[in-house]
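*Asks:* Structure supplied as target_26.pdb; contents: PDB, C-alpha atoms.
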```
ATOM      1  CA  MET E   1       8.539   2.141  30.764
ATOM      2  CA  GLN E   2       5.088   3.506  31.610
ATOM      3  CA  GLY E   3       6.055   6.915  30.247
ATOM      4  CA  ILE E   4       7.200   5.386  26.947
ATOM      5  CA  GLN E   5       3.997   3.376  26.649
ATOM      6  CA  ARG E   6       1.876   6.462  27.299
ATOM      7  CA  GLY E   7       3.855   8.458  24.747
ATOM      8  CA  LEU E   8       3.338   5.797  22.084
ATOM      9  CA  ARG E   9      -0.384   5.572  22.839
ATOM     10  CA  ILE E  10      -0.712   9.329  22.462
ATOM     11  CA  LEU E  11       1.333   9.320  19.257
ATOM     12  CA  GLU E  12      -0.953   6.609  17.846
ATOM     13  CA  ALA E  13      -4.008   8.671  18.820
ATOM     14  CA  VAL E  14      -2.626  11.725  17.030
ATOM     15  CA  ALA E  15      -1.913   9.642  13.918
ATOM     16  CA  ALA E  16      -5.408   8.131  13.879
ATOM     17  CA  HIS E  17      -7.417  11.294  14.605
ATOM     18  CA  GLN E  18      -5.276  14.243  13.497
ATOM     19  CA  PRO E  19      -5.774  17.121  13.881
ATOM     20  CA  VAL E  20      -6.831  16.251  17.409
ATOM     21  CA  GLY E  21      -7.110  18.113  20.691
ATOM     22  CA  VAL E  22      -6.026  17.331  24.230
ATOM     23  CA  GLY E  23      -9.535  16.499  25.449
ATOM     24  CA  GLU E  24     -10.159  13.945  22.700
ATOM     25  CA  ILE E  25      -6.764  12.304  23.231
ATOM     26  CA  SER E  26      -7.457  12.166  26.950
ATOM     27  CA  ARG E  27     -10.721  10.311  26.304
ATOM     28  CA  ILE E  28      -9.210   7.960  23.719
ATOM     29  CA  CYS E  29      -6.185   7.051  25.830
ATOM     30  CA  GLU E  30      -8.010   7.248  29.172
ATOM     31  CA  LEU E  31      -5.323   9.506  30.603
ATOM     32  CA  PRO E  32      -5.516  12.754  32.615
ATOM     33  CA  LYS E  33      -5.435  15.904  30.502
ATOM     34  CA  SER E  34      -2.422  17.157  32.440
ATOM     35  CA  SER E  35      -0.437  14.038  31.508
ATOM     36  CA  VAL E  36      -1.530  14.250  27.884
ATOM     37  CA  GLN E  37      -0.552  17.908  27.675
ATOM     38  CA  ARG E  38       2.882  17.221  29.137
ATOM     39  CA  ILE E  39       3.567  14.340  26.733
ATOM     40  CA  LEU E  40       2.306  16.333  23.748
ATOM     41  CA  ARG E  41       4.733  19.135  24.570
ATOM     42  CA  ALA E  42       7.588  16.616  24.792
ATOM     43  CA  LEU E  43       6.648  15.054  21.446
ATOM     44  CA  ALA E  44       6.454  18.506  19.852
ATOM     45  CA  GLU E  45       9.830  19.542  21.252
ATOM     46  CA  SER E  46      11.303  16.322  19.831
ATOM     47  CA  GLY E  47       9.872  17.061  16.389
ATOM     48  CA  TRP E  48       7.340  14.210  16.143
ATOM     49  CA  ILE E  49       4.172  16.327  16.215
ATOM     50  CA  ARG E  50       3.272  19.968  15.610
ATOM     51  CA  ALA E  51       0.438  22.295  16.486
ATOM     52  CA  ALA E  52      -2.279  22.431  13.828
ATOM     53  CA  ASP E  53      -3.465  25.895  14.911
ATOM     54  CA  GLU E  54      -2.046  29.057  16.412
ATOM     55  CA  GLU E  55      -3.568  28.332  19.829
ATOM     56  CA  HIS E  56      -1.769  24.961  20.081
ATOM     57  CA  THR E  57      -5.063  23.218  20.874
ATOM     58  CA  ARG E  58      -4.942  20.603  18.105
ATOM     59  CA  TRP E  59      -2.055  18.430  17.014
ATOM     60  CA  THR E  60      -0.868  16.597  13.906
ATOM     61  CA  LEU E  61       2.130  14.492  12.857
ATOM     62  CA  THR E  62       5.216  16.135  11.368
ATOM     63  CA  SER E  63       7.036  15.117   8.203
ATOM     64  CA  ARG E  64       9.686  13.555  10.447
ATOM     65  CA  MET E  65       7.147  11.036  11.714
ATOM     66  CA  LEU E  66       5.807  10.417   8.209
ATOM     67  CA  THR E  67       9.325   9.843   6.874
ATOM     68  CA  LEU E  68      10.043   7.311   9.597
ATOM     69  CA  ALA E  69       6.772   5.518   8.900
ATOM     70  CA  GLY E  70       7.504   5.449   5.196
ATOM     71  CA  THR E  71      10.947   3.960   5.760
ATOM     72  CA  ALA E  72       9.516   1.201   7.935
ATOM     73  CA  SER E  73       6.630   0.264   5.630
ATOM     74  CA  GLY E  74       8.247   0.621   2.220
ATOM     75  CA  GLU E  75       6.382   3.828   1.348
ATOM     76  CA  ARG E  76       9.654   5.532   0.459
ATOM     77  CA  GLY E  77      10.011   3.113  -2.466
ATOM     78  CA  ILE E  78       6.599   3.894  -3.917
ATOM     79  CA  ARG E  79       7.049   7.616  -3.314
ATOM     80  CA  GLU E  80      10.365   7.690  -5.149
ATOM     81  CA  ALA E  81       8.935   5.620  -8.001
ATOM     82  CA  ALA E  82       5.887   7.867  -8.255
ATOM     83  CA  LEU E  83       7.382  11.371  -8.120
ATOM     84  CA  GLY E  84       8.499  11.574 -11.768
ATOM     85  CA  PRO E  85       5.252  10.203 -13.263
ATOM     86  CA  MET E  86       3.217  12.380 -10.868
ATOM     87  CA  ARG E  87       5.006  15.538 -12.042
ATOM     88  CA  GLU E  88       4.364  14.562 -15.666
ATOM     89  CA  LEU E  89       0.677  13.993 -14.925
ATOM     90  CA  GLY E  90       0.436  17.341 -13.167
ATOM     91  CA  ALA E  91       2.078  19.150 -16.091
ATOM     92  CA  LEU E  92      -0.197  17.384 -18.594
ATOM     93  CA  THR E  93      -3.495  17.964 -16.790
ATOM     94  CA  GLY E  94      -2.814  21.150 -14.850
ATOM     95  CA  GLU E  95      -4.442  19.639 -11.766
ATOM     96  CA  THR E  96      -3.260  18.441  -8.351
ATOM     97  CA  VAL E  97      -1.865  14.912  -8.293
ATOM     98  CA  THR E  98      -1.880  12.771  -5.158
ATOM     99  CA  LEU E  99      -0.323   9.514  -4.000
ATOM    100  CA  GLN E 100      -2.126   7.559  -1.310
ATOM    101  CA  VAL E 101      -1.353   4.205   0.272
ATOM    102  CA  PRO E 102      -3.415   1.969   2.573
ATOM    103  CA  ASP E 103      -3.185   2.863   6.252
ATOM    104  CA  GLY E 104      -4.407  -0.434   7.667
ATOM    105  CA  PRO E 105      -7.407  -2.132   6.039
ATOM    106  CA  PHE E 106      -9.919   0.704   6.377
ATOM    107  CA  ARG E 107      -8.171   3.955   5.494
ATOM    108  CA  MET E 108      -5.897   5.607   2.939
ATOM    109  CA  VAL E 109      -3.141   8.062   3.859
ATOM    110  CA  LEU E 110      -1.769  10.827   1.642
ATOM    111  CA  ILE E 111       2.013  10.502   1.353
ATOM    112  CA  GLU E 112       2.800  12.743  -1.634
ATOM    113  CA  ARG E 113       1.163  15.609  -3.501
ATOM    114  CA  ILE E 114       2.034  17.676  -6.578
ATOM    115  CA  ASP E 115       0.095  20.940  -6.442
ATOM    116  CA  CYS E 116      -1.516  22.411  -9.546
ATOM    117  CA  ARG E 117      -0.871  25.844 -11.033
ATOM    118  CA  HIS E 118      -4.431  27.144 -10.701
ATOM    119  CA  PRO E 119      -5.144  29.826  -8.083
ATOM    120  CA  VAL E 120      -8.224  27.800  -7.065
ATOM    121  CA  ARG E 121      -7.067  24.331  -6.156
ATOM    122  CA  THR E 122      -7.748  21.415  -3.873
ATOM    123  CA  HIS E 123      -5.445  20.929  -0.922
ATOM    124  CA  ASN E 124      -5.012  18.151   1.607
ATOM    125  CA  ARG E 125      -2.065  17.941   3.967
ATOM    126  CA  LEU E 126       0.461  15.125   3.817
ATOM    127  CA  GLY E 127      -0.417  12.500   6.388
ATOM    128  CA  ALA E 128      -4.164  13.094   6.086
ATOM    129  CA  THR E 129      -6.208   9.909   6.219
ATOM    130  CA  SER E 130      -9.603   9.086   4.709
ATOM    131  CA  PRO E 131     -11.913   6.058   4.721
ATOM    132  CA  ILE E 132     -10.865   3.717   1.916
ATOM    133  CA  THR E 133     -14.403   3.765   0.492
ATOM    134  CA  ALA E 134     -14.573   7.576   0.331
ATOM    135  CA  THR E 135     -11.682   8.304  -2.057
ATOM    136  CA  SER E 136     -11.106   7.492  -5.715
ATOM    137  CA  THR E 137      -7.734   5.889  -4.971
ATOM    138  CA  GLY E 138      -9.244   3.906  -2.096
ATOM    139  CA  LEU E 139     -12.039   2.546  -4.282
ATOM    140  CA  ALA E 140      -9.508   1.659  -6.987
ATOM    141  CA  VAL E 141      -7.397  -0.215  -4.441
ATOM    142  CA  LEU E 142     -10.420  -1.904  -2.889
ATOM    143  CA  ALA E 143     -11.587  -3.061  -6.330
ATOM    144  CA  LEU E 144      -8.398  -5.108  -6.755
ATOM    145  CA  LEU E 145      -8.544  -6.867  -3.399
ATOM    146  CA  PRO E 146      -9.824 -10.456  -3.116
ATOM    147  CA  ASP E 147     -13.595 -10.560  -2.614
ATOM    148  CA  GLU E 148     -13.387 -11.954   0.918
ATOM    149  CA  GLU E 149     -10.993  -9.198   1.988
ATOM    150  CA  ALA E 150     -13.153  -6.500   0.414
ATOM    151  CA  GLU E 151     -16.240  -7.916   2.149
ATOM    152  CA  ARG E 152     -14.520  -7.751   5.539
ATOM    153  CA  ILE E 153     -13.826  -4.086   4.926
ATOM    154  CA  LEU E 154     -17.381  -3.389   3.758
ATOM    155  CA  ALA E 155     -18.768  -5.081   6.875
ATOM    156  CA  ARG E 156     -17.535  -2.133   8.914
ATOM    157  CA  PRO E 157     -19.859   0.919   9.039
ATOM    158  CA  VAL E 158     -18.743   3.781   6.794
ATOM    159  CA  PRO E 159     -18.801   7.280   8.337
ATOM    160  CA  ARG E 160     -20.825   9.881   6.434
ATOM    161  CA  LEU E 161     -18.398  12.709   5.678
ATOM    162  CA  THR E 162     -20.544  14.653   3.194
ATOM    163  CA  ALA E 163     -23.996  14.428   1.671
ATOM    164  CA  ASN E 164     -22.418  12.449  -1.197
ATOM    165  CA  THR E 165     -20.583   9.863   0.898
ATOM    166  CA  LEU E 166     -21.542   6.319  -0.062
ATOM    167  CA  THR E 167     -22.398   4.429   3.128
ATOM    168  CA  GLU E 168     -24.656   1.628   1.837
ATOM    169  CA  PRO E 169     -22.567  -1.507   1.105
ATOM    170  CA  GLY E 170     -24.649  -2.383  -1.952
ATOM    171  CA  LEU E 171     -23.917   0.981  -3.571
ATOM    172  CA  ILE E 172     -20.225   0.686  -2.738
ATOM    173  CA  ARG E 173     -20.120  -2.810  -4.276
ATOM    174  CA  ALA E 174     -21.605  -1.408  -7.475
ATOM    175  CA  ARG E 175     -18.889   1.264  -7.576
ATOM    176  CA  LEU E 176     -16.251  -1.391  -7.019
ATOM    177  CA  ARG E 177     -17.557  -3.428  -9.960
ATOM    178  CA  GLU E 178     -17.315  -0.318 -12.130
ATOM    179  CA  ALA E 179     -13.792   0.429 -10.922
ATOM    180  CA  ARG E 180     -12.708  -3.164 -11.539
ATOM    181  CA  ALA E 181     -14.101  -3.104 -15.080
ATOM    182  CA  GLN E 182     -12.797   0.357 -16.001
ATOM    183  CA  GLY E 183      -9.491   0.390 -14.137
ATOM    184  CA  PHE E 184     -10.264   3.650 -12.343
ATOM    185  CA  ALA E 185     -12.697   5.187  -9.857
ATOM    186  CA  VAL E 186     -14.334   8.610  -9.603
ATOM    187  CA  ASN E 187     -15.056  10.565  -6.434
ATOM    188  CA  ARG E 188     -17.481  13.482  -6.575
ATOM    189  CA  GLY E 189     -17.535  15.078  -3.151
ATOM    190  CA  GLN E 190     -17.685  11.793  -1.223
ATOM    191  CA  ASN E 191     -14.745  12.626   1.011
ATOM    192  CA  ARG E 192     -14.755  16.440   1.087
ATOM    193  CA  ASP E 193     -17.371  18.892  -0.103
ATOM    194  CA  GLY E 194     -16.473  20.529  -3.394
ATOM    195  CA  VAL E 195     -13.583  18.162  -4.166
ATOM    196  CA  CYS E 196     -13.635  15.684  -7.055
ATOM    197  CA  ALA E 197     -11.031  13.113  -8.057
ATOM    198  CA  VAL E 198     -10.184  10.360 -10.508
ATOM    199  CA  GLY E 199      -7.969   7.573  -9.156
ATOM    200  CA  ALA E 200      -6.251   4.378 -10.279
ATOM    201  CA  ALA E 201      -4.463   1.706  -8.274
ATOM    202  CA  VAL E 202      -0.720   1.097  -8.186
ATOM    203  CA  THR E 203       0.285  -2.550  -7.904
ATOM    204  CA  GLY E 204       3.414  -4.060  -6.412
ATOM    205  CA  PRO E 205       5.666  -6.748  -7.891
ATOM    206  CA  ALA E 206       3.240  -9.478  -6.767
ATOM    207  CA  GLY E 207       0.310  -7.763  -8.479
ATOM    208  CA  ALA E 208      -1.478  -6.706  -5.292
ATOM    209  CA  PRO E 209      -2.559  -3.061  -4.893
ATOM    210  CA  VAL E 210      -0.099  -1.040  -2.821
ATOM    211  CA  GLY E 211      -1.402   2.483  -3.374
ATOM    212  CA  GLY E 212      -3.167   4.781  -5.773
ATOM    213  CA  ILE E 213      -2.580   7.811  -7.986
ATOM    214  CA  GLY E 214      -5.305  10.449  -7.878
ATOM    215  CA  LEU E 215      -6.098  13.540  -9.922
ATOM    216  CA  SER E 216      -7.814  16.025  -7.601
ATOM    217  CA  LEU E 217      -9.707  19.171  -8.610
ATOM    218  CA  PRO E 218     -12.479  21.453  -7.342
ATOM    219  CA  ASP E 219     -15.971  20.633  -8.555
ATOM    220  CA  SER E 220     -16.063  23.992 -10.365
ATOM    221  CA  ARG E 221     -13.609  22.513 -12.927
ATOM    222  CA  PHE E 222     -14.982  18.978 -12.943
ATOM    223  CA  GLU E 223     -16.661  18.043 -16.231
ATOM    224  CA  ALA E 224     -18.104  14.572 -16.778
ATOM    225  CA  ARG E 225     -17.163  14.655 -20.461
ATOM    226  CA  ARG E 226     -13.480  14.941 -19.520
ATOM    227  CA  VAL E 227     -13.480  11.938 -17.180
ATOM    228  CA  PRO E 228     -12.455   9.398 -19.889
ATOM    229  CA  TRP E 229      -9.415  11.490 -20.830
ATOM    230  CA  TRP E 230      -8.440  12.145 -17.212
ATOM    231  CA  ALA E 231      -8.883   8.453 -16.453
ATOM    232  CA  ARG E 232      -6.553   7.416 -19.285
ATOM    233  CA  GLN E 233      -3.828   9.722 -18.009
ATOM    234  CA  VAL E 234      -4.244   8.619 -14.393
ATOM    235  CA  ARG E 235      -4.215   4.943 -15.369
ATOM    236  CA  ALA E 236      -1.088   5.448 -17.475
ATOM    237  CA  THR E 237       0.617   7.143 -14.529
ATOM    238  CA  ALA E 238      -0.383   4.371 -12.116
ATOM    239  CA  GLU E 239       0.862   1.771 -14.595
ATOM    240  CA  ALA E 240       4.188   3.600 -14.926
ATOM    241  CA  VAL E 241       4.636   3.591 -11.160
ATOM    242  CA  SER E 242       3.667  -0.087 -10.983
ATOM    243  CA  ALA E 243       6.248  -0.906 -13.698
ATOM    244  CA  ALA E 244       8.935   1.011 -11.792
ATOM    245  CA  LEU E 245       8.170  -0.947  -8.627
ATOM    246  CA  ALA E 246       8.397  -4.216 -10.558
ATOM    247  CA  ASP E 247      11.923  -3.446 -11.852
TER
END
```
Could you take the file, read its structure, and then write that structure out as structure tokens?

*Replies:*
Amino acid sequence: MQGIQRGLRILEAVAAHQPVGVGEISRICELPKSSVQRILRALAESGWIRAADEEHTRWTLTSRMLTLAGTASGERGIREAALGPMRELGALTGETVTLQVPDGPFRMVLIERIDCRHPVRTHNRLGATSPITATSTGLAVLALLPDEEAERILARPVPRLTANTLTEPGLIRARLREARAQGFAVNRGQNRDGVCAVGAAVTGPAGAPVGGIGLSLPDSRFEARRVPWWARQVRATAEAVSAALAD
């Protein structure tokens, strides 16, 4: 039983901090490095995690783990509903299209991605997580939450990921008001340097936000004058996915 509990704790640490190394997991889980290393090897051999570098010093979840998580939480339904509209959006705009869903109250996790045809493109691995306030899809989702729930999330300190990350609650509230009024949110390098995005929320049958569709592109192709057009396409895609989930 103790071995199972340790394995689950380590798996949770990988999911929360990926890509993550043995030393960090050891500190998080308060376990000896030798034990952590042994359990990591067992998890890798079983297909639940994989090495994130050639030296096998950092670890990340595999698609097998993500598939299991999606089956348990209903993410498979939103992914299947979103794939067709996402491909259409990618073909129309020529940019990378992403699908993110909440990973607890404070983060978003990438569960699907349609890559663009440009040689210079944005890329984020499936399973990557980001603070909900640092992504366009996260802000769009947050804008649709009840005020008291949004305030609980904003009460938690926001990590500064780039020079453009919004960390002051007042500024984030202003962005949420804009997103609520416009039906979309814009991210200009708040989560990753050089990466911009336009996102809109996907709602479930009850009308609550369950995820978000994002259009992601490098800042070298981002033009403010094109935001209204991009936003219309992203909103239409999110609405199509929401309608499919309601059927």

*Asks:* Given the file shown, determine the residues that the PyMOL selection byres ((chain E and resi 7-22) around 9) selects; report them as a short mmCIF file (atom, residue, chain, number, x, y, z; two decimals) with C-alpha atoms, in the coordinates of the input.

*Replies:*
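Full text of out_4.cif as output:
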```cif
data_model
loop_
_atom_site.label_atom_id
_atom_site.label_comp_id
_atom_site.auth_asym_id
_atom_site.auth_seq_id
_atom_site.Cartn_x
_atom_site.Cartn_y
_atom_site.Cartn_z
CA GLN E 2 5.09 3.51 31.61
CA GLY E 3 6.06 6.92 30.25
CA ILE E 4 7.20 5.39 26.95
CA GLN E 5 4.00 3.38 26.65
CA ARG E 6 1.88 6.46 27.30
CA GLY E 23 -9.54 16.50 25.45
CA GLU E 24 -10.16 13.94 22.70
CA ILE E 25 -6.76 12.30 23.23
CA SER E 26 -7.46 12.17 26.95
CA ARG E 27 -10.72 10.31 26.30
CA ILE E 28 -9.21 7.96 23.72
CA CYS E 29 -6.18 7.05 25.83
CA LYS E 33 -5.44 15.90 30.50
CA SER E 34 -2.42 17.16 32.44
CA VAL E 36 -1.53 14.25 27.88
CA GLN E 37 -0.55 17.91 27.68
CA ILE E 39 3.57 14.34 26.73
CA LEU E 40 2.31 16.33 23.75
CA ALA E 42 7.59 16.62 24.79
CA LEU E 43 6.65 15.05 21.45
CA TRP E 48 7.34 14.21 16.14
CA ILE E 49 4.17 16.33 16.22
CA ALA E 51 0.44 22.30 16.49
CA ALA E 52 -2.28 22.43 13.83
CA HIS E 56 -1.77 24.96 20.08
CA THR E 57 -5.06 23.22 20.87
CA ARG E 58 -4.94 20.60 18.10
CA TRP E 59 -2.06 18.43 17.01
CA THR E 60 -0.87 16.60 13.91
CA LEU E 61 2.13 14.49 12.86
CA GLY E 127 -0.42 12.50 6.39
CA ALA E 128 -4.16 13.09 6.09
CA THR E 129 -6.21 9.91 6.22
#
```

*Asks:* Return the single residue from E:Cys196, E:Leu31, E:Val202, E:Leu126 that is closest to Leu217 (chain E), with distances computed using all atoms listed in the file.

*Replies:* E:Cys196

*Asks:* Starting from the shown file, work through the PyMOL selection byres ((chain E and resi 85-87) around 9) and note down what comes out as number ranges by chain.

*Replies:* E: 81-84, 88-92, 97-99, 113-114, 213, 236-238, 240-241

*Asks:* For the file shown, report as an MDAnalysis selection string the outcome of the PyMOL selection byres ((chain E and resi 139-146) around 10) at residue level.

*Replies:* chainID E and resid 100:102 105:106 108 131:138 147:151 153:154 172:173 175:187 198:203 207:214

*Asks:* Pick out the residues sitting within 8 Å of Leu161 (chain E), and hand them over as a ChimeraX atom specification; count all atoms listed in the file, and ignore anything fewer than 6 positions along from it in its own chain.

*Replies:* /E:190-192
